[in-house]
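Following: one structure in structure tokens, then a few remarks.
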2 protein chains.
Amino acid sequence: MDRTVRIGMLGCGTVGGATARLLRDHESEIIARTGCKLELVKVAVRDPAREREIELPPGMVTTDPMAVVDDPSIDVVVETIGGNDPARDLILRALGNGKHVVTANKELLATHGTELMTEAARRSVDLLFEASVGGGIPIVRNMKESLAGDRVRRVMGIVNGTTNFILTRMSEGGLSFADALAEADSLGYTEADPSADIDGHDAAAKIAILASIAFEGRITYADVETDGIGRISQADIAAAHDLGYEVKLLAVAEQTGGAVSARVHPAMLPKTHPLAAVRDVFNAVFVEGQEVGELMFLGRGAGGGPTASAVVGDLVEVARNIVSGGSTPSAGMDNDIELLPHDEVRARYYLRLAVADEAGVLAAIAGSFARSDVSIASVRQEGRGDEAILVLITHVASEGQHRETIDAIEGLDVVKSVRSRIRVEGTREQ
Amino acid sequence: MDRTVRIGMLGCGTVGGATARLLRDHESEIIARTGCKLELVKVAVRDPAREREIELPPGMVTTDPMAVVDDPSIDVVVETIGGNDPARDLILRALGNGKHVVTANKELLATHGTELMTEAARRSVDLLFEASVGGGIPIVRNMKESLAGDRVRRVMGIVNGTTNFILTRMSEGGLSFADALAEADSLGYTEADPSADIDGHDAAAKIAILASIAFEGRITYADVETDGIGRISQADIAAAHDLGYEVKLLAVAEQTGGAVSARVHPAMLPKTHPLAAVRDVFNAVFVEGQEVGELMFLGRGAGGGPTASAVVGDLVEVARNIVSGGSTPSAGMDNDIELLPHDEVRARYYLRLAVADEAGVLAAIAGSFARSDVSIASVRQEGRGDEAILVLITHVASEGQHRETIDAIEGLDVVKSVRSRIRVEGTREQ
């Protein structure tokens, strides 16, 4: 063993610091597993004086990221700064200089993934990004490699830990959305601005990446139909429990007749579905393959240790490729792919309607469903008088049909308001 | 693309037939993913007249397995016959002839894994066996590659679908063990002789393989302490539910102070533990990594489609290695490793004791625990008079201490019998 793979790192926050620590503490195992030494040689940071998880030798630290991406002695660049700017330019430059790149940057991949993949392929270098989705859960590698002999039909994920924590507390602790959000905040689970989590945008970036790999085509953040959990009430949670369901924020990508759709929204899942048991800040990705059937990968979707574990796993892969002369297969994320118009996506819905408590209400509502050719799987009334509520679950129909039905229902005199509409997933009927 | 990887197959039953079908039906995707064609050229079967999932051209079929392993035009041999004999000799011969081998044979790997690995390394060929544990669940690849930057502390798996189905029916349907077994049988989930499943031997072979990969050392089937589910009663299931637990057949491998232990036994798991929600015939492997924390991989552990999906995934990896000139890293399964004596393994126990209903019973029993230095976490009495039952849960102690305590309790006049003893896993205290 005399080969050394030299690593440069951009950023040294929570993930970068944990990565540096792992490379140091696991040095001997990594040598045994790769046949070479992984040596961190340069780290670009904004503030060299900041306290970090491990102390970096003064000569290793620079404030100039170009000193990392342009250093001819560096073999691999690890990017942990996040966001599009300046990460995109730095990674393109590192790839252009013939360096392998490992990144945890979901925003960048979900927006400019194709451009980066193309550049990596042109320079015949590896661009690996296991840590960008699901933290320490090895979902990217599994999609690209383990399922390479199969065909993926659908991917459903709980890929945002903050919202899953909030929904778990609402379900198990009976908390309101506001109280559960406050508890998440007090535990440090929220960002300064929680809207990227709550409104589903973080999950949308991740499902764009997963959909690109699963269906081997270009799907970006902008292609994902996104809805958040801000409107989920205790009444919805209670109704879900009564019906044998849990409410989860799901990221779904599926292939229907050759066209692909991707979406993020709250959904009711049967309690017996493996995703329904994913609690607290855990993430999980459920994959339906043609041959393999249902698979699920569960783990911690965030945090320094889990994310750094995925980054170092990618570095081990790059090192093995350097030693063996091999390369990691491209994910084919840059192929053109047909996107299914959102109105044609098929789903079931739970609807909660405040209605007048009088004869003929159900007939009027059922008529609206019938006119859009949406059939009703179950209906029941809760409360009487001013509190009369109708809870309906539909069979599968297109989003266009559902929208048409709901518009019609909202126009009925006997319907005071549509209190909530939540998709129902994970049932046999899809 | 003009490279063709030529495949020979030993056996063509459920898994072999599904593998042949996948290679045919997914030909174009596999070419796109590997850069070469995977062509099945020869299949050795015992009975050429047998009805199969796909029709094989007459010229492809032989009854002579040597015609496969000695054919110089064949690059990869897929072994799907199972068992040690003649699979071991055939695989050694194929490896000796410089062929890559893909196998689904858990018995063989759990018994002769080291010998096969050594021969594969000597000839610099790939020996892949994703399908040997957990059917379609990509657990072997994840341990070898995704976790290569981390350290595994413990692996806990539900790796036998038949027993998990039986325990699910006992838990959810209230069935007796005998009735649940009969139902599994009527659904075709049992082998002709169900004892390998029921008594834990199938799970023991699988945890030996997983432990070897996780801890990079030689652990064989004979090293696994094994107990089955035949003694689990409805009374145990009911007590588990009362305490907030589910009963599962767990396969556990863990590293304690440098020494490794592996065992299979029924265990009580908190209902909130991800493994407790694994139902029916599903399998799942729960991994605790030093950095990544808890990971779980869930899926279908048996069946032609899932198992063949894993076999073809391995074939795709071999083909990529052939094209790139790379090789799959060895799992290090042949290293010497220290095994922890079974008496030193640490666990918690649930105990169900039939006792005399009189003053001083608890004092006598508690005294026996105290003398072995085992502390009691909770105790409660169920029933009165002749039906008096004491249910205890201990804190963590060594198996040796637990054995000593139980021997002492069985000798007490006030204890009629130890009705059951089941380990408690998955709690914070381990």
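Chains: A, B, ... in order of the structure tokens. Residues: from 1 per chain. Ligands: from 1, in order shown.
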Can you tell me which residues surround stretch 66-69 of chain A at a distance of at most 10 Å, considering only C-alpha atoms, apart from same-chain residues fewer than 4 positions away, and format the answer as a PDB file with all heavy atoms, in the first residue's frame?
```pdb
ATOM      1  N   ILE A   7      -7.586  14.515  -0.595  1.00  0.00           N
ATOM      2  CA  ILE A   7      -8.932  15.073  -0.532  1.00  0.00           C
ATOM      3  C   ILE A   7      -8.885  16.548  -0.178  1.00  0.00           C
ATOM      4  O   ILE A   7      -8.194  16.953   0.759  1.00  0.00           O
ATOM      5  CB  ILE A   7      -9.782  14.323   0.525  1.00  0.00           C
ATOM      6  CG1 ILE A   7      -9.893  12.843   0.133  1.00  0.00           C
ATOM      7  CG2 ILE A   7     -11.156  14.949   0.683  1.00  0.00           C
ATOM      8  CD1 ILE A   7     -10.469  11.982   1.233  1.00  0.00           C
ATOM      9  N   GLY A   8      -9.635  17.347  -0.927  1.00  0.00           N
ATOM     10  CA  GLY A   8      -9.850  18.740  -0.568  1.00  0.00           C
ATOM     11  C   GLY A   8     -11.309  18.921  -0.190  1.00  0.00           C
ATOM     12  O   GLY A   8     -12.183  18.275  -0.749  1.00  0.00           O
ATOM     13  N   MET A   9     -11.566  19.774   0.783  1.00  0.00           N
ATOM     14  CA  MET A   9     -12.947  19.933   1.240  1.00  0.00           C
ATOM     15  C   MET A   9     -13.372  21.392   1.153  1.00  0.00           C
ATOM     16  O   MET A   9     -12.619  22.297   1.506  1.00  0.00           O
ATOM     17  CB  MET A   9     -13.093  19.407   2.662  1.00  0.00           C
ATOM     18  CG  MET A   9     -14.540  19.224   3.072  1.00  0.00           C
ATOM     19  SD  MET A   9     -14.751  17.935   4.328  1.00  0.00           S
ATOM     20  CE  MET A   9     -14.029  18.743   5.736  1.00  0.00           C
ATOM     21  N   LEU A  10     -14.608  21.616   0.690  1.00  0.00           N
ATOM     22  CA  LEU A  10     -15.199  22.948   0.647  1.00  0.00           C
ATOM     23  C   LEU A  10     -16.205  23.038   1.779  1.00  0.00           C
ATOM     24  O   LEU A  10     -17.210  22.321   1.765  1.00  0.00           O
ATOM     25  CB  LEU A  10     -15.889  23.177  -0.705  1.00  0.00           C
ATOM     26  CG  LEU A  10     -15.003  23.019  -1.944  1.00  0.00           C
ATOM     27  CD1 LEU A  10     -15.859  23.038  -3.224  1.00  0.00           C
ATOM     28  CD2 LEU A  10     -13.949  24.126  -1.985  1.00  0.00           C
ATOM     29  N   VAL A  41      -6.186  17.052   2.772  1.00  0.00           N
ATOM     30  CA  VAL A  41      -5.008  17.916   2.661  1.00  0.00           C
ATOM     31  C   VAL A  41      -5.329  19.406   2.674  1.00  0.00           C
ATOM     32  O   VAL A  41      -4.476  20.227   3.007  1.00  0.00           O
ATOM     33  CB  VAL A  41      -4.182  17.589   1.386  1.00  0.00           C
ATOM     34  CG1 VAL A  41      -3.589  16.186   1.484  1.00  0.00           C
ATOM     35  CG2 VAL A  41      -5.009  17.746   0.125  1.00  0.00           C
ATOM     36  N   LYS A  42      -6.565  19.771   2.293  1.00  0.00           N
ATOM     37  CA  LYS A  42      -6.882  21.200   2.270  1.00  0.00           C
ATOM     38  C   LYS A  42      -8.371  21.406   2.527  1.00  0.00           C
ATOM     39  O   LYS A  42      -9.208  20.673   2.000  1.00  0.00           O
ATOM     40  CB  LYS A  42      -6.491  21.800   0.912  1.00  0.00           C
ATOM     41  CG  LYS A  42      -6.191  23.286   0.966  1.00  0.00           C
ATOM     42  CD  LYS A  42      -5.604  23.794  -0.336  1.00  0.00           C
ATOM     43  CE  LYS A  42      -4.106  23.521  -0.467  1.00  0.00           C
ATOM     44  NZ  LYS A  42      -3.528  24.124  -1.679  1.00  0.00           N
ATOM     45  N   VAL A  43      -8.693  22.406   3.326  1.00  0.00           N
ATOM     46  CA  VAL A  43     -10.086  22.697   3.660  1.00  0.00           C
ATOM     47  C   VAL A  43     -10.324  24.190   3.496  1.00  0.00           C
ATOM     48  O   VAL A  43      -9.641  25.003   4.123  1.00  0.00           O
ATOM     49  CB  VAL A  43     -10.413  22.280   5.117  1.00  0.00           C
ATOM     50  CG1 VAL A  43     -11.868  22.573   5.445  1.00  0.00           C
ATOM     51  CG2 VAL A  43     -10.110  20.801   5.339  1.00  0.00           C
ATOM     52  N   ALA A  44     -11.303  24.550   2.652  1.00  0.00           N
ATOM     53  CA  ALA A  44     -11.643  25.965   2.472  1.00  0.00           C
ATOM     54  C   ALA A  44     -12.834  26.318   3.352  1.00  0.00           C
ATOM     55  O   ALA A  44     -13.880  25.674   3.261  1.00  0.00           O
ATOM     56  CB  ALA A  44     -11.973  26.246   1.003  1.00  0.00           C
ATOM     57  N   VAL A  61      -5.874  24.832   6.348  1.00  0.00           N
ATOM     58  CA  VAL A  61      -7.046  25.684   6.192  1.00  0.00           C
ATOM     59  C   VAL A  61      -6.761  26.860   5.265  1.00  0.00           C
ATOM     60  O   VAL A  61      -5.699  27.482   5.329  1.00  0.00           O
ATOM     61  CB  VAL A  61      -7.501  26.218   7.574  1.00  0.00           C
ATOM     62  CG1 VAL A  61      -8.699  27.140   7.435  1.00  0.00           C
ATOM     63  CG2 VAL A  61      -7.835  25.048   8.493  1.00  0.00           C
ATOM     64  N   THR A  62      -7.730  27.150   4.384  1.00  0.00           N
ATOM     65  CA  THR A  62      -7.639  28.317   3.518  1.00  0.00           C
ATOM     66  C   THR A  62      -9.004  28.993   3.481  1.00  0.00           C
ATOM     67  O   THR A  62     -10.017  28.351   3.751  1.00  0.00           O
ATOM     68  CB  THR A  62      -7.200  27.927   2.090  1.00  0.00           C
ATOM     69  OG1 THR A  62      -7.313  29.073   1.242  1.00  0.00           O
ATOM     70  CG2 THR A  62      -8.085  26.829   1.509  1.00  0.00           C
ATOM     71  N   SER A  73      -2.682  18.725  -6.908  1.00  0.00           N
ATOM     72  CA  SER A  73      -2.349  17.529  -6.127  1.00  0.00           C
ATOM     73  C   SER A  73      -3.588  16.872  -5.516  1.00  0.00           C
ATOM     74  O   SER A  73      -3.510  15.790  -4.954  1.00  0.00           O
ATOM     75  CB  SER A  73      -1.362  17.888  -5.003  1.00  0.00           C
ATOM     76  OG  SER A  73      -2.063  18.449  -3.906  1.00  0.00           O
ATOM     77  N   ILE A  74      -4.737  17.543  -5.615  1.00  0.00           N
ATOM     78  CA  ILE A  74      -5.965  17.013  -5.000  1.00  0.00           C
ATOM     79  C   ILE A  74      -6.709  16.102  -5.982  1.00  0.00           C
ATOM     80  O   ILE A  74      -6.907  16.465  -7.148  1.00  0.00           O
ATOM     81  CB  ILE A  74      -6.850  18.178  -4.498  1.00  0.00           C
ATOM     82  CG1 ILE A  74      -6.220  18.775  -3.235  1.00  0.00           C
ATOM     83  CG2 ILE A  74      -8.284  17.729  -4.241  1.00  0.00           C
ATOM     84  CD1 ILE A  74      -6.943  19.967  -2.663  1.00  0.00           C
ATOM     85  N   ASP A  75      -7.092  14.894  -5.505  1.00  0.00           N
ATOM     86  CA  ASP A  75      -7.789  13.927  -6.354  1.00  0.00           C
ATOM     87  C   ASP A  75      -9.309  14.052  -6.262  1.00  0.00           C
ATOM     88  O   ASP A  75     -10.013  13.821  -7.236  1.00  0.00           O
ATOM     89  CB  ASP A  75      -7.418  12.493  -5.923  1.00  0.00           C
ATOM     90  CG  ASP A  75      -5.927  12.234  -5.957  1.00  0.00           C
ATOM     91  OD1 ASP A  75      -5.366  12.260  -7.067  1.00  0.00           O
ATOM     92  OD2 ASP A  75      -5.327  12.029  -4.881  1.00  0.00           O
ATOM     93  N   VAL A  76      -9.803  14.347  -5.067  1.00  0.00           N
ATOM     94  CA  VAL A  76     -11.251  14.361  -4.824  1.00  0.00           C
ATOM     95  C   VAL A  76     -11.623  15.616  -4.053  1.00  0.00           C
ATOM     96  O   VAL A  76     -10.955  15.968  -3.081  1.00  0.00           O
ATOM     97  CB  VAL A  76     -11.705  13.160  -3.951  1.00  0.00           C
ATOM     98  CG1 VAL A  76     -13.218  13.012  -3.991  1.00  0.00           C
ATOM     99  CG2 VAL A  76     -11.014  11.878  -4.346  1.00  0.00           C
ATOM    100  N   VAL A  77     -12.703  16.272  -4.476  1.00  0.00           N
ATOM    101  CA  VAL A  77     -13.220  17.425  -3.750  1.00  0.00           C
ATOM    102  C   VAL A  77     -14.528  17.035  -3.072  1.00  0.00           C
ATOM    103  O   VAL A  77     -15.426  16.480  -3.710  1.00  0.00           O
ATOM    104  CB  VAL A  77     -13.427  18.629  -4.694  1.00  0.00           C
ATOM    105  CG1 VAL A  77     -14.181  19.758  -3.980  1.00  0.00           C
ATOM    106  CG2 VAL A  77     -12.083  19.131  -5.208  1.00  0.00           C
ATOM    107  N   VAL A  78     -14.615  17.294  -1.766  1.00  0.00           N
ATOM    108  CA  VAL A  78     -15.854  17.085  -1.013  1.00  0.00           C
ATOM    109  C   VAL A  78     -16.497  18.449  -0.799  1.00  0.00           C
ATOM    110  O   VAL A  78     -15.869  19.355  -0.251  1.00  0.00           O
ATOM    111  CB  VAL A  78     -15.569  16.439   0.363  1.00  0.00           C
ATOM    112  CG1 VAL A  78     -16.857  16.333   1.182  1.00  0.00           C
ATOM    113  CG2 VAL A  78     -14.924  15.074   0.192  1.00  0.00           C
ATOM    114  N   LEU A  90     -17.991  26.068  -8.271  1.00  0.00           N
ATOM    115  CA  LEU A  90     -16.824  25.383  -7.696  1.00  0.00           C
ATOM    116  C   LEU A  90     -16.790  23.919  -8.123  1.00  0.00           C
ATOM    117  O   LEU A  90     -15.729  23.384  -8.476  1.00  0.00           O
ATOM    118  CB  LEU A  90     -16.848  25.504  -6.169  1.00  0.00           C
ATOM    119  CG  LEU A  90     -16.608  26.921  -5.622  1.00  0.00           C
ATOM    120  CD1 LEU A  90     -16.886  26.967  -4.122  1.00  0.00           C
ATOM    121  CD2 LEU A  90     -15.174  27.380  -5.919  1.00  0.00           C
ATOM    122  N   ILE A  91     -17.942  23.265  -8.091  1.00  0.00           N
ATOM    123  CA  ILE A  91     -17.974  21.843  -8.476  1.00  0.00           C
ATOM    124  C   ILE A  91     -17.680  21.688  -9.963  1.00  0.00           C
ATOM    125  O   ILE A  91     -16.914  20.805 -10.367  1.00  0.00           O
ATOM    126  CB  ILE A  91     -19.338  21.212  -8.095  1.00  0.00           C
ATOM    127  CG1 ILE A  91     -19.443  21.089  -6.572  1.00  0.00           C
ATOM    128  CG2 ILE A  91     -19.502  19.850  -8.753  1.00  0.00           C
ATOM    129  CD1 ILE A  91     -20.732  20.477  -6.075  1.00  0.00           C
ATOM    130  N   LEU A  92     -18.267  22.570 -10.791  1.00  0.00           N
ATOM    131  CA  LEU A  92     -17.994  22.483 -12.235  1.00  0.00           C
ATOM    132  C   LEU A  92     -16.500  22.665 -12.500  1.00  0.00           C
ATOM    133  O   LEU A  92     -15.920  21.981 -13.350  1.00  0.00           O
ATOM    134  CB  LEU A  92     -18.803  23.553 -12.997  1.00  0.00           C
ATOM    135  CG  LEU A  92     -20.285  23.208 -13.203  1.00  0.00           C
ATOM    136  CD1 LEU A  92     -21.032  24.406 -13.782  1.00  0.00           C
ATOM    137  CD2 LEU A  92     -20.439  21.994 -14.135  1.00  0.00           C
ATOM    138  N   ARG A  93     -15.900  23.576 -11.765  1.00  0.00           N
ATOM    139  CA  ARG A  93     -14.471  23.826 -11.964  1.00  0.00           C
ATOM    140  C   ARG A  93     -13.629  22.625 -11.502  1.00  0.00           C
ATOM    141  O   ARG A  93     -12.672  22.233 -12.169  1.00  0.00           O
ATOM    142  CB  ARG A  93     -14.062  25.071 -11.185  1.00  0.00           C
ATOM    143  CG  ARG A  93     -12.636  25.446 -11.428  1.00  0.00           C
ATOM    144  CD  ARG A  93     -12.473  26.939 -11.416  1.00  0.00           C
ATOM    145  NE  ARG A  93     -11.087  27.288 -11.571  1.00  0.00           N
ATOM    146  CZ  ARG A  93     -10.674  28.454 -12.033  1.00  0.00           C
ATOM    147  NH1 ARG A  93     -11.567  29.372 -12.380  1.00  0.00           N
ATOM    148  NH2 ARG A  93      -9.389  28.710 -12.150  1.00  0.00           N
ATOM    149  N   ALA A  94     -14.022  22.027 -10.357  1.00  0.00           N
ATOM    150  CA  ALA A  94     -13.300  20.839  -9.870  1.00  0.00           C
ATOM    151  C   ALA A  94     -13.420  19.698 -10.881  1.00  0.00           C
ATOM    152  O   ALA A  94     -12.428  19.035 -11.207  1.00  0.00           O
ATOM    153  CB  ALA A  94     -13.857  20.412  -8.509  1.00  0.00           C
ATOM    154  N   LEU A  95     -14.634  19.484 -11.385  1.00  0.00           N
ATOM    155  CA  LEU A  95     -14.834  18.423 -12.390  1.00  0.00           C
ATOM    156  C   LEU A  95     -14.013  18.725 -13.641  1.00  0.00           C
ATOM    157  O   LEU A  95     -13.349  17.841 -14.206  1.00  0.00           O
ATOM    158  CB  LEU A  95     -16.316  18.298 -12.758  1.00  0.00           C
ATOM    159  CG  LEU A  95     -17.273  17.831 -11.646  1.00  0.00           C
ATOM    160  CD1 LEU A  95     -18.732  18.007 -12.092  1.00  0.00           C
ATOM    161  CD2 LEU A  95     -17.019  16.369 -11.271  1.00  0.00           C
ATOM    162  N   GLY A  96     -14.068  19.991 -14.062  1.00  0.00           N
ATOM    163  CA  GLY A  96     -13.311  20.409 -15.246  1.00  0.00           C
ATOM    164  C   GLY A  96     -11.816  20.179 -15.079  1.00  0.00           C
ATOM    165  O   GLY A  96     -11.092  19.904 -16.054  1.00  0.00           O
ATOM    166  N   ASN A  97     -11.356  20.274 -13.843  1.00  0.00           N
ATOM    167  CA  ASN A  97      -9.938  20.001 -13.548  1.00  0.00           C
ATOM    168  C   ASN A  97      -9.653  18.510 -13.382  1.00  0.00           C
ATOM    169  O   ASN A  97      -8.566  18.125 -12.954  1.00  0.00           O
ATOM    170  CB  ASN A  97      -9.522  20.731 -12.262  1.00  0.00           C
ATOM    171  CG  ASN A  97      -9.354  22.232 -12.497  1.00  0.00           C
ATOM    172  OD1 ASN A  97      -9.066  22.670 -13.609  1.00  0.00           O
ATOM    173  ND2 ASN A  97      -9.549  23.018 -11.443  1.00  0.00           N
ATOM    174  N   GLY A  98     -10.665  17.679 -13.683  1.00  0.00           N
ATOM    175  CA  GLY A  98     -10.447  16.229 -13.650  1.00  0.00           C
ATOM    176  C   GLY A  98     -10.500  15.625 -12.259  1.00  0.00           C
ATOM    177  O   GLY A  98     -10.005  14.520 -12.034  1.00  0.00           O
ATOM    178  N   LYS A  99     -11.117  16.357 -11.316  1.00  0.00           N
ATOM    179  CA  LYS A  99     -11.216  15.816  -9.957  1.00  0.00           C
ATOM    180  C   LYS A  99     -12.567  15.111  -9.774  1.00  0.00           C
ATOM    181  O   LYS A  99     -13.580  15.543 -10.297  1.00  0.00           O
ATOM    182  CB  LYS A  99     -11.109  16.947  -8.933  1.00  0.00           C
ATOM    183  CG  LYS A  99      -9.784  17.681  -9.009  1.00  0.00           C
ATOM    184  CD  LYS A  99      -9.662  18.719  -7.925  1.00  0.00           C
ATOM    185  CE  LYS A  99      -8.501  19.666  -8.235  1.00  0.00           C
ATOM    186  NZ  LYS A  99      -7.269  19.005  -8.718  1.00  0.00           N
ATOM    187  N   VAL A 101     -15.784  14.294  -7.453  1.00  0.00           N
ATOM    188  CA  VAL A 101     -16.492  15.160  -6.508  1.00  0.00           C
ATOM    189  C   VAL A 101     -17.496  14.334  -5.700  1.00  0.00           C
ATOM    190  O   VAL A 101     -18.206  13.495  -6.249  1.00  0.00           O
ATOM    191  CB  VAL A 101     -17.218  16.311  -7.248  1.00  0.00           C
ATOM    192  CG1 VAL A 101     -18.150  17.067  -6.293  1.00  0.00           C
ATOM    193  CG2 VAL A 101     -16.209  17.267  -7.874  1.00  0.00           C
TER     194      VAL A 101
END
```
For this session: Skip B:Ala240 itself and residues of its chain fewer than 6 positions away, then list as a list in words all residues within 9 Å of it, counting only C-alpha atoms.
Result: Glu246, Val247, Met268, Leu269 and Pro270 of chain B
Exercise. In Å to one decimal, how far is atom CA of A:Asp407 from atom CA of A:Asp357?
Worked result: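 Going from atom CA of A:Asp357 over to atom CA of A:Asp407 covers 20.7 Å.
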Exercise. Within 10 Å of A:Gly134, counting only C-alpha atoms, which residues qualify if same-chain residues fewer than 5 places away don't, as a list in words?
Worked result: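 Contacts, with the query itself left out: Ile139, Val140, Gly157, Ile158, Val159, Asn160, Gly161, Ala203, Lys206, Phe282, Asn283, Ala284, Val285, Phe297, Leu298, Gly299, Arg300, Gly301, Ala302, Pro306, Thr307 and Ala310 of chain A.
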Problem set entry | Residue neighbourhood B:Val391, 6 Å, only C-alpha atoms, exclusion window fewer than 2 positions, as a PyMOL selection string | chain B and resi 351-352+379-380
